[in-house]
$ cat entry_24.cif   # mmCIF, C-alpha atoms and all ligand atoms
data_target
#
loop_
_atom_site.label_atom_id
_atom_site.label_comp_id
_atom_site.auth_asym_id
_atom_site.auth_seq_id
_atom_site.Cartn_x
_atom_site.Cartn_y
_atom_site.Cartn_z
CA MET A 1 21.62 -18.68 -7.23
CA THR A 2 25.31 -18.27 -6.53
CA ILE A 3 26.39 -15.49 -4.22
CA ASN A 4 29.80 -14.19 -5.22
CA GLY A 5 31.84 -10.99 -5.10
CA TYR A 6 29.57 -9.26 -7.62
CA THR A 7 26.28 -9.92 -5.82
CA ARG A 8 24.26 -6.77 -5.13
CA THR A 9 22.03 -6.51 -2.06
CA CYS A 10 18.64 -4.94 -1.56
CA GLY A 11 16.76 -5.13 1.70
CA LEU A 12 13.79 -4.24 3.80
CA ILE A 13 14.06 -1.77 6.67
CA GLY A 14 11.27 -2.11 9.23
CA ASN A 15 10.24 -3.22 12.69
CA PRO A 16 9.03 -5.94 12.69
CA VAL A 17 10.09 -7.53 9.39
CA GLU A 18 9.70 -11.21 10.19
CA HIS A 19 6.40 -11.69 8.33
CA THR A 20 7.40 -9.91 5.13
CA MET A 21 6.56 -11.38 1.72
CA SER A 22 9.01 -9.08 -0.09
CA PRO A 23 11.95 -11.55 -0.23
CA ALA A 24 9.70 -13.99 -2.12
CA ILE A 25 8.85 -11.29 -4.67
CA HIS A 26 12.32 -9.84 -5.24
CA ASN A 27 14.35 -13.03 -5.12
CA THR A 28 11.93 -14.64 -7.61
CA LEU A 29 12.32 -11.67 -9.96
CA ALA A 30 16.12 -11.63 -9.61
CA GLU A 31 16.42 -15.33 -10.29
CA ALA A 32 14.08 -15.28 -13.27
CA LEU A 33 15.91 -12.28 -14.77
CA SER A 34 19.36 -13.81 -14.03
CA GLU A 35 20.24 -10.74 -12.01
CA ASN A 36 23.02 -11.21 -9.44
CA LEU A 37 20.98 -9.70 -6.61
CA VAL A 38 19.69 -10.81 -3.23
CA TYR A 39 16.96 -9.28 -1.08
CA VAL A 40 17.04 -9.67 2.69
CA PRO A 41 15.03 -8.31 5.64
CA PHE A 42 16.73 -5.94 8.11
CA HIS A 43 15.11 -5.52 11.51
CA VAL A 44 15.89 -1.94 12.51
CA PRO A 45 15.25 -1.19 16.19
CA ASP A 46 13.61 1.96 17.44
CA GLY A 47 15.92 4.97 17.28
CA LYS A 48 18.35 3.41 14.78
CA LEU A 49 16.77 4.51 11.49
CA ARG A 50 19.38 7.13 10.60
CA GLU A 51 22.21 4.67 11.22
CA ALA A 52 20.38 2.03 9.17
CA VAL A 53 19.97 4.33 6.14
CA GLU A 54 23.54 5.62 6.33
CA GLY A 55 24.83 2.10 6.92
CA ALA A 56 22.89 0.75 3.97
CA PHE A 57 24.49 3.38 1.76
CA ALA A 58 27.96 2.74 3.20
CA LEU A 59 27.54 -0.99 2.60
CA ASN A 60 26.79 -0.25 -1.09
CA LEU A 61 23.20 -1.54 -1.00
CA LEU A 62 21.49 -1.03 -4.33
CA GLY A 63 18.21 -0.13 -2.71
CA CYS A 64 15.80 -0.78 0.13
CA ASN A 65 12.16 -1.02 0.89
CA VAL A 66 10.92 0.72 4.00
CA THR A 67 7.96 -0.50 6.00
CA VAL A 68 6.11 0.15 9.24
CA PRO A 69 6.84 2.24 11.29
CA TYR A 70 9.43 4.11 9.20
CA LYS A 71 7.71 5.20 5.97
CA SER A 72 7.42 8.84 7.04
CA GLN A 73 10.27 8.89 9.55
CA VAL A 74 12.78 8.00 6.82
CA ILE A 75 12.17 11.18 4.79
CA PRO A 76 14.67 13.44 6.66
CA PHE A 77 17.45 10.92 5.93
CA LEU A 78 17.05 11.00 2.14
CA LYS A 79 19.12 12.92 -0.41
CA GLU A 80 16.16 13.31 -2.80
CA ILE A 81 12.47 12.56 -2.85
CA ASP A 82 10.17 11.80 -5.76
CA PRO A 83 7.27 14.32 -6.03
CA LEU A 84 4.55 11.68 -5.58
CA ALA A 85 6.20 10.34 -2.40
CA GLU A 86 6.52 13.90 -1.13
CA LYS A 87 2.84 14.58 -1.78
CA ILE A 88 1.81 11.35 -0.04
CA GLY A 89 4.25 11.96 2.81
CA ALA A 90 5.45 8.36 2.85
CA VAL A 91 8.37 6.53 1.25
CA ASN A 92 8.51 2.76 0.84
CA THR A 93 11.40 2.49 -1.63
CA LEU A 94 14.95 3.86 -1.49
CA VAL A 95 16.99 3.98 -4.67
CA ARG A 96 20.73 4.55 -4.53
CA VAL A 97 21.87 7.84 -6.09
CA GLN A 98 25.19 9.73 -5.98
CA ASP A 99 25.46 10.65 -2.28
CA GLY A 100 22.66 8.74 -0.64
CA PHE A 101 19.17 7.44 -1.40
CA LYS A 102 16.25 8.87 -3.33
CA GLY A 103 12.85 8.04 -1.84
CA TYR A 104 9.86 6.83 -3.84
CA ASN A 105 6.38 5.62 -3.00
CA THR A 106 5.54 2.51 -4.99
CA ASP A 107 2.56 1.55 -2.79
CA MET A 108 0.18 3.86 -4.63
CA PRO A 109 1.43 3.14 -8.17
CA GLY A 110 1.19 -0.52 -7.06
CA LEU A 111 -2.42 -0.05 -5.96
CA LEU A 112 -3.21 1.70 -9.23
CA GLN A 113 -1.68 -1.12 -11.27
CA ALA A 114 -3.60 -3.70 -9.22
CA MET A 115 -6.86 -1.80 -9.69
CA ARG A 116 -6.29 -1.53 -13.44
CA GLU A 117 -5.71 -5.25 -13.65
CA ASP A 118 -8.86 -5.88 -11.64
CA GLY A 119 -10.86 -3.57 -13.90
CA VAL A 120 -11.48 -0.99 -11.15
CA ARG A 121 -11.57 2.52 -12.55
CA LEU A 122 -11.05 5.73 -10.59
CA GLU A 123 -11.80 8.47 -13.08
CA GLY A 124 -15.16 10.08 -12.33
CA GLU A 125 -15.75 7.67 -9.42
CA LYS A 126 -17.43 8.48 -6.14
CA VAL A 127 -15.21 6.90 -3.50
CA LEU A 128 -15.54 6.14 0.20
CA ILE A 129 -12.31 5.83 2.13
CA LEU A 130 -12.63 3.93 5.41
CA GLY A 131 -9.98 5.27 7.79
CA ALA A 132 -7.89 8.43 7.91
CA GLY A 133 -4.37 7.23 8.80
CA GLY A 134 -1.23 7.04 6.68
CA ALA A 135 -2.64 4.51 4.21
CA ALA A 136 -5.85 6.54 3.79
CA ARG A 137 -3.82 9.66 3.11
CA ALA A 138 -1.89 7.91 0.34
CA VAL A 139 -5.08 6.50 -1.20
CA ALA A 140 -6.78 9.90 -1.09
CA MET A 141 -3.84 11.55 -2.91
CA LEU A 142 -3.90 8.81 -5.54
CA LEU A 143 -7.65 9.25 -6.04
CA SER A 144 -7.27 12.99 -6.45
CA GLU A 145 -4.51 12.47 -9.05
CA GLN A 146 -6.54 9.88 -10.92
CA GLY A 147 -9.63 12.02 -11.34
CA ALA A 148 -12.09 10.68 -8.76
CA SER A 149 -15.17 12.92 -8.75
CA GLN A 150 -15.88 12.76 -5.02
CA ILE A 151 -14.10 11.40 -1.95
CA ILE A 152 -15.85 10.83 1.36
CA ILE A 153 -13.49 9.99 4.22
CA LEU A 154 -15.17 8.04 7.03
CA ASN A 155 -13.25 7.73 10.25
CA ARG A 156 -13.87 6.86 13.88
CA THR A 157 -12.04 10.05 14.89
CA VAL A 158 -13.78 12.58 12.67
CA GLU A 159 -11.16 15.29 13.31
CA LYS A 160 -8.55 13.19 11.51
CA ALA A 161 -10.90 12.73 8.56
CA LYS A 162 -11.52 16.48 8.44
CA GLU A 163 -7.81 17.25 8.49
CA LEU A 164 -7.19 14.75 5.69
CA ALA A 165 -10.06 16.18 3.61
CA ARG A 166 -8.56 19.67 4.03
CA GLU A 167 -5.16 18.42 2.88
CA VAL A 168 -6.60 16.65 -0.16
CA ASN A 169 -8.61 19.71 -1.16
CA ALA A 170 -5.57 21.94 -0.77
CA ALA A 171 -3.42 19.57 -2.85
CA SER A 172 -6.02 19.13 -5.58
CA GLY A 173 -7.18 22.74 -5.63
CA ARG A 174 -10.86 21.74 -5.57
CA GLN A 175 -13.58 20.70 -3.12
CA LEU A 176 -13.04 17.03 -3.80
CA ALA A 177 -13.01 15.46 -0.34
CA ARG A 178 -15.23 15.69 2.70
CA ALA A 179 -15.20 14.01 6.09
CA MET A 180 -17.80 11.99 7.96
CA ALA A 181 -17.74 10.28 11.33
CA LEU A 182 -17.75 6.53 10.82
CA ALA A 183 -20.91 6.18 12.88
CA ASP A 184 -22.73 8.55 10.49
CA TYR A 185 -22.63 6.13 7.54
CA PRO A 186 -26.46 5.78 7.59
CA PHE A 187 -26.55 9.43 6.44
CA LEU A 188 -24.62 8.79 3.24
CA PRO A 189 -26.70 10.12 0.34
CA GLY A 190 -29.24 7.51 -0.72
CA GLY A 191 -29.42 6.15 -4.25
CA GLU A 192 -25.65 6.36 -4.75
CA LYS A 193 -23.28 3.43 -5.25
CA TYR A 194 -19.65 3.81 -4.29
CA LEU A 195 -16.21 2.34 -4.68
CA ALA A 196 -15.04 1.78 -1.08
CA VAL A 197 -11.37 1.50 -0.11
CA GLN A 198 -10.79 -0.09 3.30
CA THR A 199 -7.57 1.32 4.80
CA THR A 200 -7.92 0.55 8.51
CA ASN A 201 -6.21 -2.37 10.18
CA LEU A 202 -9.49 -3.86 11.34
CA GLY A 203 -9.92 -7.41 10.10
CA MET A 204 -6.21 -8.10 9.84
CA PHE A 205 -4.98 -11.49 11.08
CA PRO A 206 -5.58 -12.62 13.82
CA ARG A 207 -8.70 -10.44 14.33
CA VAL A 208 -10.27 -11.82 11.18
CA GLU A 209 -13.88 -11.56 12.35
CA GLU A 210 -13.84 -7.75 12.52
CA ALA A 211 -14.83 -5.09 10.01
CA VAL A 212 -14.95 -1.37 10.50
CA ILE A 213 -18.68 -1.37 9.64
CA GLU A 214 -20.64 -4.58 10.08
CA ASP A 215 -24.12 -3.36 9.15
CA ARG A 216 -25.19 -4.97 5.86
CA THR A 217 -27.25 -1.97 4.78
CA PHE A 218 -23.97 -0.05 4.38
CA TYR A 219 -22.65 -2.65 1.95
CA GLU A 220 -25.68 -2.28 -0.29
CA LYS A 221 -24.21 1.12 -1.21
CA ILE A 222 -20.91 -0.40 -2.40
CA HIS A 223 -20.48 -1.57 -6.00
CA THR A 224 -16.78 -2.39 -5.50
CA GLY A 225 -14.78 -2.89 -2.32
CA TYR A 226 -10.99 -2.74 -2.14
CA ASP A 227 -9.39 -3.87 1.09
CA LEU A 228 -5.71 -3.01 1.53
CA ILE A 229 -5.40 -5.96 3.93
CA PHE A 230 -3.94 -9.13 2.39
CA ASN A 231 -3.86 -11.43 5.42
CA PRO A 232 -6.39 -12.99 5.55
CA SER A 233 -7.01 -12.87 1.82
CA ARG A 234 -10.76 -12.95 2.42
CA THR A 235 -11.40 -10.34 5.07
CA LYS A 236 -14.74 -9.76 6.73
CA PHE A 237 -15.01 -6.55 4.66
CA VAL A 238 -14.48 -8.52 1.42
CA SER A 239 -17.14 -11.05 2.48
CA LEU A 240 -19.64 -8.34 3.40
CA VAL A 241 -19.19 -6.54 0.05
CA GLU A 242 -19.57 -9.77 -1.91
CA GLU A 243 -22.58 -10.94 0.10
CA SER A 244 -24.29 -7.67 -0.83
CA GLY A 245 -23.66 -8.27 -4.53
CA GLY A 246 -20.55 -6.09 -4.98
CA ARG A 247 -17.14 -6.99 -6.39
CA ALA A 248 -14.34 -7.15 -3.85
CA PHE A 249 -10.56 -7.37 -3.88
CA ASN A 250 -7.83 -7.71 -1.26
CA GLY A 251 -4.40 -6.07 -0.98
CA LEU A 252 -2.34 -8.95 -2.42
CA LYS A 253 -1.94 -7.51 -5.91
CA MET A 254 -1.04 -4.10 -4.50
CA LEU A 255 1.64 -5.86 -2.44
CA LEU A 256 2.91 -7.58 -5.58
CA TYR A 257 3.04 -4.47 -7.73
CA GLN A 258 4.63 -2.20 -5.12
CA GLY A 259 7.43 -4.79 -5.16
CA VAL A 260 7.55 -5.11 -8.95
CA ILE A 261 7.77 -1.33 -9.38
CA ALA A 262 10.51 -1.07 -6.70
CA TYR A 263 12.45 -3.84 -8.44
CA GLU A 264 12.18 -2.00 -11.74
CA LEU A 265 13.48 1.19 -10.10
CA TRP A 266 16.50 -0.60 -8.62
CA THR A 267 17.53 -2.58 -11.67
CA GLY A 268 16.08 -0.79 -14.69
CA ALA A 269 14.51 -4.14 -15.68
CA LYS A 270 11.02 -4.31 -17.14
CA VAL A 271 8.92 -6.99 -15.45
CA GLY A 272 6.41 -8.49 -17.87
CA VAL A 273 2.98 -9.88 -17.01
CA GLU A 274 4.09 -13.53 -16.97
CA LEU A 275 6.96 -12.83 -14.62
CA ALA A 276 4.74 -10.72 -12.36
CA GLU A 277 2.36 -13.69 -12.21
CA LYS A 278 5.22 -15.99 -11.27
CA ALA A 279 6.24 -13.63 -8.44
CA TYR A 280 2.59 -13.49 -7.36
CA ARG A 281 2.38 -17.29 -7.11
CA GLN A 282 5.65 -17.39 -5.17
CA MET A 283 4.44 -14.68 -2.81
CA ARG A 284 1.18 -16.52 -2.17
CA SER A 285 2.88 -19.81 -1.51
CA ALA A 286 5.24 -18.04 0.94
CA MET A 287 2.10 -16.88 2.78
CA GLY A 288 0.96 -20.44 3.28
CA PRO A 289 -2.46 -21.99 2.71
CA GLU A 290 -4.34 -18.89 3.88
CA ALA A 291 -3.57 -16.85 0.72
P1 LIG A 301 -2.02 3.23 8.62
O1 LIG A 301 -0.73 3.98 8.48
O2 LIG A 301 -1.92 1.77 8.30
O3 LIG A 301 -3.14 3.89 7.90
P2 LIG A 301 -2.78 4.40 11.13
O4 LIG A 301 -2.20 5.68 10.65
O5 LIG A 301 -2.47 3.93 12.50
O6 LIG A 301 -2.34 3.21 10.19
O7 LIG A 301 -4.37 4.48 10.92
C1 LIG A 301 -5.21 3.46 11.37
C2 LIG A 301 -6.63 3.75 10.94
O8 LIG A 301 -7.48 2.69 11.35
C3 LIG A 301 -7.21 5.02 11.54
O9 LIG A 301 -8.10 5.60 10.61
C4 LIG A 301 -7.99 4.47 12.74
O10 LIG A 301 -9.05 5.28 13.20
P3 LIG A 301 -8.78 6.48 14.27
O11 LIG A 301 -8.19 7.61 13.48
O12 LIG A 301 -10.13 6.81 14.80
O13 LIG A 301 -7.86 5.92 15.30
C5 LIG A 301 -8.53 3.20 12.16
N1 LIG A 301 -8.88 2.25 13.21
C6 LIG A 301 -8.04 1.49 13.94
N2 LIG A 301 -8.72 0.75 14.83
C7 LIG A 301 -10.05 1.05 14.66
C8 LIG A 301 -11.26 0.61 15.27
N3 LIG A 301 -11.26 -0.32 16.25
N4 LIG A 301 -12.42 1.12 14.81
C9 LIG A 301 -12.44 2.05 13.83
N5 LIG A 301 -11.33 2.50 13.21
C10 LIG A 301 -10.14 2.01 13.61
#

$ encode --input "entry_24.cif" --output "structure tokens" --more "lines below"
Ligand code: ATR
Amino acid sequence: MTINGYTRTCGLIGNPVEHTMSPAIHNTLAEALSENLVYVPFHVPDGKLREAVEGAFALNLLGCNVTVPYKSQVIPFLKEIDPLAEKIGAVNTLVRVQDGFKGYNTDMPGLLQAMREDGVRLEGEKVLILGAGGAARAVAMLLSEQGASQIIILNRTVEKAKELAREVNAASGRQLARAMALADYPFLPGGEKYLAVQTTNLGMFPRVEEAVIEDRTFYEKIHTGYDLIFNPSRTKFVSLVEESGGRAFNGLKMLLYQGVIAYELWTGAKVGVELAEKAYRQMRSAMGPEA
């Protein structure tokens, strides 16, 4: 592409940002759609988030993604926030509006789109969430919106799971979620099969041999496993689910679709299936042979 005086810039705000796959997604989309737009990573040091957001606006950036550790911290610096992002309590996409940026969460719509494509349904499902951090919170809110029938949150620190269950029940207005200590998984009701969403960072590169639960009897209760981790593409959790006869997916498609949806918000473009697949291939090749 040619960068000229009309080129618009989007970027990623985070710390670190060096391993991001987002430039591969957005620059592929921009090129394929003949949009005069570039996407670049911005490493924002600790304590400089406000300056980064104000600076991005002053420099006429069209939009930004926001990643670890700033997804919640960025909220006070926004002019507006989308209701879903507010409910989740995390923003990963900034869209330029009149006097600043409006914050969105495209991670959960991205996960939903990925699940739909993979044939994973949520309505009426009994779901186990492994973990109770920021990612688990977002997943739990998505599940409550999408009509899951039961959510069991399993976490090493049971207090955090209890707090999250309380929040989900308050937001949904029903007794949808309950908490369990991770170590209590043998007491899950027998005879049930669950969709399990793995939200902890256990098993992420380079600690690829780890999974939050390693006992195979647990995996016999899982009909479908969804790991939010995408590196490695085949996590220990994914292997354990598949070895017990379940279907399993990693976080690569969620990563793709959070980007696609952000791109659509910035540009108003509609990204079709073929183009999304092209961006997916580009993203995977940017990850190297592992993906
Ligand atoms: P994120 O925003 O990605 O969800 P987080 O908020 O730091 O990250 O949450 C990390 C999650 O992984 C937590 O649920 C954490 O469990 P605790 O609440 O008990 O800390 C879980 N986690 C991290 N390391 C773990 C480990 N070694 N064993 C079990 N759970 C672990």

$ residues_around --input "entry_24.cif" --residues "Pro69 in chain A" --least-positions-apart "3" --cutoff "10 Å" --atoms "all atoms listed in the file" --output "ChimeraX atom specification"
/A:13-16,46,66,72-74

$ atom_distance --input "entry_24.cif" --atom1 "CA of Glu192 in chain A" --atom2 "CA of Ile222 in chain A"
8.6 Å

$ closest_atom_pairs --input "entry_24.cif" --of "chain A" --to "ligand LIG 301 (chain A)" --cutoff "12 Å" --atoms "all atoms listed in the file" --output "CSV"
residue,atom,partner,partner_atom,distance
A:Thr67,CA,A:LIG301,O1,10.1
A:Val68,CA,A:LIG301,O1,7.9
A:Pro69,CA,A:LIG301,O1,8.3
A:Tyr70,CA,A:LIG301,O1,10.2
A:Lys71,CA,A:LIG301,O1,8.9
A:Ser72,CA,A:LIG301,O1,9.6
A:Ile88,CA,A:LIG301,O1,11.5
A:Gly89,CA,A:LIG301,O1,11.0
A:Ala90,CA,A:LIG301,O1,9.4
A:Val91,CA,A:LIG301,O1,11.9
A:Asp107,CA,A:LIG301,O2,12.0
A:Ile129,CA,A:LIG301,O9,9.5
A:Leu130,CA,A:LIG301,O9,7.1
A:Gly131,CA,A:LIG301,O9,3.4
A:Ala132,CA,A:LIG301,O9,3.9
A:Gly133,CA,A:LIG301,O4,3.2
A:Gly134,CA,A:LIG301,O1,3.6
A:Ala135,CA,A:LIG301,O3,3.8
A:Ala136,CA,A:LIG301,O3,5.6
A:Arg137,CA,A:LIG301,O3,7.5
A:Ala138,CA,A:LIG301,O3,8.7
A:Val139,CA,A:LIG301,O3,9.7
A:Ala140,CA,A:LIG301,O3,11.4
A:Ile153,CA,A:LIG301,O9,9.4
A:Leu154,CA,A:LIG301,O9,8.3
A:Asn155,CA,A:LIG301,O9,5.6
A:Arg156,CA,A:LIG301,O12,3.9
A:Thr157,CA,A:LIG301,O12,3.8
A:Val158,CA,A:LIG301,O12,7.2
A:Glu159,CA,A:LIG301,O11,8.2
A:Lys160,CA,A:LIG301,O11,5.9
A:Ala161,CA,A:LIG301,O11,7.6
A:Lys162,CA,A:LIG301,O11,10.7
A:Glu163,CA,A:LIG301,O11,10.9
A:Leu164,CA,A:LIG301,O9,10.4
A:Ala179,CA,A:LIG301,O9,11.9
A:Met180,CA,A:LIG301,O12,11.5
A:Ala181,CA,A:LIG301,O12,9.1
A:Leu182,CA,A:LIG301,C9,7.6
A:Ala183,CA,A:LIG301,C9,9.5
A:Val197,CA,A:LIG301,O3,11.7
A:Gln198,CA,A:LIG301,O8,9.1
A:Thr199,CA,A:LIG301,O3,6.0
A:Thr200,CA,A:LIG301,O8,3.6
A:Asn201,CA,A:LIG301,O8,5.3
A:Leu202,CA,A:LIG301,N2,5.8
A:Gly203,CA,A:LIG301,N3,9.5
A:Met204,CA,A:LIG301,N2,10.5
A:Arg207,CA,A:LIG301,N3,10.6
A:Glu210,CA,A:LIG301,N3,8.7
A:Ala211,CA,A:LIG301,N4,8.2
A:Val212,CA,A:LIG301,C9,5.4
A:Ile213,CA,A:LIG301,C9,8.3
A:Glu214,CA,A:LIG301,N4,11.1
A:Asp227,CA,A:LIG301,O2,11.8
A:Leu228,CA,A:LIG301,O2,9.1
A:Ile229,CA,A:LIG301,O2,9.5

$ residues_near_point --input "entry_24.cif" --point "(14.9, -12.1, 3.0)" --cutoff "12 Å" --atoms "only C-alpha atoms" --output "list in words"
Thr9, Cys10, Gly11, Leu12, Ile13, Val17, Glu18, His19, Thr20, Met21, Ser22, Pro23, Ala24, Ile25, His26, Asn27, Thr28, Leu37, Val38, Tyr39, Val40, Pro41, Phe42, His43, Cys64, Asn65 and Ala286 of chain A

$ residues_around --input "entry_24.cif" --residues "Glu35 in chain A" --least-positions-apart "2" --cutoff "12 Å" --atoms "all atoms listed in the file" --output "PyMOL selection string"
chain A and resi 1-3+6-9+26-33+37-39+263-264+266-269

$ residues_around --input "entry_24.cif" --residues "Glu209 in chain A" --least-positions-apart "6" --cutoff "12 Å" --atoms "all atoms listed in the file" --output "VMD selection string"
chain A and resid 202 to 203 232 234 to 240

$ atom_distance --input "entry_24.cif" --atom1 "CA of Leu61 in chain A" --atom2 "CA of Ile261 in chain A"
17.6 Å

$ atom_distance --input "entry_24.cif" --atom1 "CA of Tyr219 in chain A" --atom2 "CA of Gly246 in chain A"
8.0 Å

$ residues_around --input "entry_24.cif" --residues "Gly119 in chain A" --least-positions-apart "6" --cutoff "12 Å" --atoms "all atoms listed in the file" --output "list of chain:residue names"
A:Leu112, A:Gln113, A:Thr224, A:Tyr226, A:Arg247, A:Ala248, A:Phe249

$ residues_near_point --input "entry_24.cif" --point "(-3.0, -10.6, -3.1)" --cutoff "9 Å" --atoms "all atoms listed in the file" --output "PDB file with C-alpha atoms, in the frame of the given file"
ATOM      1  CA  ILE A 229      -5.400  -5.960   3.930  1.00  0.00           C
ATOM      2  CA  PHE A 230      -3.940  -9.130   2.390  1.00  0.00           C
ATOM      3  CA  ASN A 231      -3.860 -11.430   5.420  1.00  0.00           C
ATOM      4  CA  SER A 233      -7.010 -12.870   1.820  1.00  0.00           C
ATOM      5  CA  PHE A 249     -10.560  -7.370  -3.880  1.00  0.00           C
ATOM      6  CA  ASN A 250      -7.830  -7.710  -1.260  1.00  0.00           C
ATOM      7  CA  GLY A 251      -4.400  -6.070  -0.980  1.00  0.00           C
ATOM      8  CA  LEU A 252      -2.340  -8.950  -2.420  1.00  0.00           C
ATOM      9  CA  LYS A 253      -1.940  -7.510  -5.910  1.00  0.00           C
ATOM     10  CA  MET A 254      -1.040  -4.100  -4.500  1.00  0.00           C
ATOM     11  CA  LEU A 255       1.640  -5.860  -2.440  1.00  0.00           C
ATOM     12  CA  LEU A 256       2.910  -7.580  -5.580  1.00  0.00           C
ATOM     13  CA  TYR A 280       2.590 -13.490  -7.360  1.00  0.00           C
ATOM     14  CA  MET A 283       4.440 -14.680  -2.810  1.00  0.00           C
ATOM     15  CA  ARG A 284       1.180 -16.520  -2.170  1.00  0.00           C
ATOM     16  CA  ALA A 291      -3.570 -16.850   0.720  1.00  0.00           C
TER      17      ALA A 291
END

$ residues_around --input "entry_24.cif" --residues "Asn60 in chain A" --least-positions-apart "2" --cutoff "9 Å" --atoms "all atoms listed in the file" --output "PDB file with C-alpha atoms, keeping the file's coordinate frame"
ATOM      1  CA  ARG A   8      24.260  -6.770  -5.130  1.00  0.00           C
ATOM      2  CA  THR A   9      22.030  -6.510  -2.060  1.00  0.00           C
ATOM      3  CA  GLY A  55      24.830   2.100   6.920  1.00  0.00           C
ATOM      4  CA  ALA A  56      22.890   0.750   3.970  1.00  0.00           C
ATOM      5  CA  PHE A  57      24.490   3.380   1.760  1.00  0.00           C
ATOM      6  CA  ALA A  58      27.960   2.740   3.200  1.00  0.00           C
ATOM      7  CA  LEU A  62      21.490  -1.030  -4.330  1.00  0.00           C
ATOM      8  CA  GLY A  63      18.210  -0.130  -2.710  1.00  0.00           C
ATOM      9  CA  ARG A  96      20.730   4.550  -4.530  1.00  0.00           C
TER      10      ARG A  96
END

$ closest_residue --input "entry_24.cif" --among "A:Gly190, A:Val97, A:Pro206, A:Leu84" --to "Ala171 in chain A" --atoms "all atoms listed in the file"
A:Leu84

$ closest_residue --input "entry_24.cif" --among "A:Asn36, A:Val241, A:Gly173, A:Val208" --to "Ala196 in chain A" --atoms "only C-alpha atoms"
A:Val241

$ closest_residue --input "entry_24.cif" --among "A:Leu122, A:Leu176, A:Leu59, A:Val260" --to "Glu277 in chain A" --atoms "all atoms listed in the file"
A:Val260

$ closest_residue --input "entry_24.cif" --among "A:Tyr104, A:Phe218, A:Tyr257, A:Phe205" --to "Glu243 in chain A" --atoms "all atoms listed in the file"
A:Phe218

$ decode --input "entry_24.cif" --residues "range 180-220 of chain A" --atoms "C-alpha atoms" --output "compact mmCIF listing (two decimals), in the first residue's frame"
# COMPACT_ATOMS: atom_id res chain seq x y z
CA MET A 180 -17.26 -23.87 43.09
CA ALA A 181 -13.68 -24.22 44.25
CA LEU A 182 -11.60 -25.66 41.45
CA ALA A 183 -10.54 -28.58 43.63
CA ASP A 184 -14.21 -29.54 44.13
CA TYR A 185 -14.74 -30.56 40.49
CA PRO A 186 -15.29 -34.23 41.52
CA PHE A 187 -18.53 -33.03 43.16
CA LEU A 188 -20.03 -31.71 39.94
CA PRO A 189 -23.44 -33.34 39.49
CA GLY A 190 -23.04 -36.74 37.87
CA GLY A 191 -24.75 -37.67 34.62
CA GLU A 192 -24.47 -34.14 33.22
CA LYS A 193 -22.41 -33.08 30.19
CA TYR A 194 -21.21 -29.51 29.94
CA LEU A 195 -19.81 -26.91 27.62
CA ALA A 196 -16.58 -25.78 29.33
CA VAL A 197 -14.92 -22.42 28.64
CA GLN A 198 -11.28 -22.25 29.73
CA THR A 199 -10.44 -18.63 30.66
CA THR A 200 -7.31 -18.98 32.81
CA ASN A 201 -3.83 -18.38 31.47
CA LEU A 202 -2.70 -21.89 32.33
CA GLY A 203 -1.37 -23.71 29.29
CA MET A 204 -0.33 -20.54 27.48
CA PHE A 205 3.04 -20.59 25.71
CA PRO A 206 5.65 -21.38 27.03
CA ARG A 207 3.94 -23.41 29.81
CA VAL A 208 2.23 -25.60 27.24
CA GLU A 209 2.15 -28.76 29.37
CA GLU A 210 -0.21 -27.28 31.97
CA ALA A 211 -3.98 -27.38 32.32
CA VAL A 212 -6.08 -26.06 35.14
CA ILE A 213 -7.49 -29.57 35.74
CA GLU A 214 -5.48 -32.55 34.56
CA ASP A 215 -7.68 -35.38 35.83
CA ARG A 216 -9.24 -37.21 32.87
CA THR A 217 -12.43 -38.06 34.76
CA PHE A 218 -13.28 -34.34 34.70
CA TYR A 219 -13.07 -34.26 30.91
CA GLU A 220 -15.58 -37.09 30.59
